[in-house]
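J.: Supplied in structure tokens, the structure appears directly below.
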Amino acid sequence: MKREILCIVCPRGCRMTVERVEGTGKKWRVAGNRCPRGAAHAEQEMTDPRRTVTAVVRTDSPDLPYLPVRTDAPFPRAGIPALLNRLSTMTVRTPVHCGDTLLENIDNTGIRVIVTASCP
């Protein structure tokens with residue numbers, strides 16, 4: 001299976017092609033990358049795609065009714081819809097501070113959801 005990927009690791013935005021090497025179960029041939037980080041990104045996309053999730057959650061504060069949050073590391077793409085559903089039902093009690101942990105060890109990944117703004 002051959003796939004075209006646009007690298008998002010740096011501003012160059014290399015257009016890469018990725019395909020599985022015949023006869024090997026886990027090796028990938030990457031072409032079009034201009035740095036080793038691009039090749040690593042392409043292999044990650046093919047084996048275990050992940051994204052940093054950003055969202056907002058409700059608060060009990062009339063001054064700031066919604067609070068921005070994000071994952072502290074890239075999260076498995078398959079689990080993002082469930083995580084967003086969970087965040088959409090939450091209401092955060094204030095006060096909270098930038099960097100506070102909202103959710104710990106999501107789906108046993110070791111990844112946290114952190115608050116990215118303070119609310120008194």
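FYI, nothing fancy with the structure tokens labels: chains A, B, ... in order, residues from 1 per chain, ligands from 1 as they appear.
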As a list of chain:residue names, which residues of segment 21-118 of chain A does DSSP assign to strand (DSSP E)?

T.: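 Output for segment 21-118 of chain A, strand (DSSP E) only: A:Trp28, A:Arg29, A:Val30, A:Ala31, A:Arg50, A:Arg51, A:Thr54, A:Ala55, A:Val56, A:Val57, A:Arg58, A:Thr59, A:Tyr66, A:Leu67, A:Pro68, A:Val69, A:Arg70, A:Thr71, A:Phe75, A:Pro76, A:Thr91, A:Val92, A:Thr101, A:Leu102, A:Leu103, A:Val113, A:Ile114, A:Val115.
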
J.: I need the alpha helix (DSSP H) residues of segment 28-105 of chain A per DSSP on the backbone, written as a PyMOL selection string.

T.: chain A and resi 36-47+80-88

J.: I want to know what sits within 7 Å of Glu43 of chain A, based on only C-alpha atoms, with residues of the same chain fewer than 4 positions away left out; could you give that as an NGL selection string?

T.: :A and (28 or 39 or 47)

J.: To one decimal in Å, tell me the separation between atom CA of Pro120 of chain A and atom CA of Val53 of chain A.

T.: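 Taking atom CA of Pro120 of chain A and atom CA of Val53 of chain A, their separation equals 24.1 Å.
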
J.: To one decimal place, how far is atom CA of Ile106 of chain A from atom CA of Leu83 of chain A in Å?

T.: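 About the pair atom CA of Ile106 of chain A and atom CA of Leu83 of chain A: they are 8.2 Å apart.
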
J.: What's around Val57 of chain A at 7 Å? Count only C-alpha atoms, leave out sequence neighbours fewer than 2 positions away in its own chain, and write the answer as a PyMOL selection string.

T.: chain A and resi 55+59+66-68+87-88+90-91

J.: When you look at Glu45 of chain A with a cut-off of 12 Å (counting only C-alpha atoms), what residues show up, excluding the ones that are within fewer than 2 positions of it in the same chain? I need them as a PyMOL selection string.

T.: chain A and resi 3-9+16-19+28+30+38-43+47-51+74+76-77

J.: Rank A:Glu104, A:Thr94, A:Gln44, A:Val113 by their smallest atom-to-atom distance to Val69 of chain A, using only C-alpha atoms, and report the top residue only.

T.: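 Among the listed residues, the smallest separation from Val69 of chain A belongs to A:Val113.
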
J.: Ranking A:Leu103, A:Ile111, A:Thr54, A:Cys98 by minimum distance to Ala73 of chain A and counting only C-alpha atoms, which one comes first?

T.: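 Nearest candidate to Ala73 of chain A out of A:Leu103, A:Ile111, A:Thr54, A:Cys98: A:Ile111.
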
J.: When you count only C-alpha atoms, which of these residues is closest to Cys35 of chain A: A:His97, A:Arg58, A:Arg70, A:Arg12?

T.: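 Of the candidates, the smallest distance to Cys35 of chain A is held by A:Arg12.
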
J.: Quote the spacing between atom CA of Gly13 of chain A and atom CA of Val56 of chain A in Å to one decimal place.

T.: 28.2 Å

J.: Rank A:Asn33, A:Ser118, A:Pro95, A:Met1 by their smallest atom-to-atom distance to Arg20 of chain A, using only C-alpha atoms, and report the top residue only.

T.: A:Met1
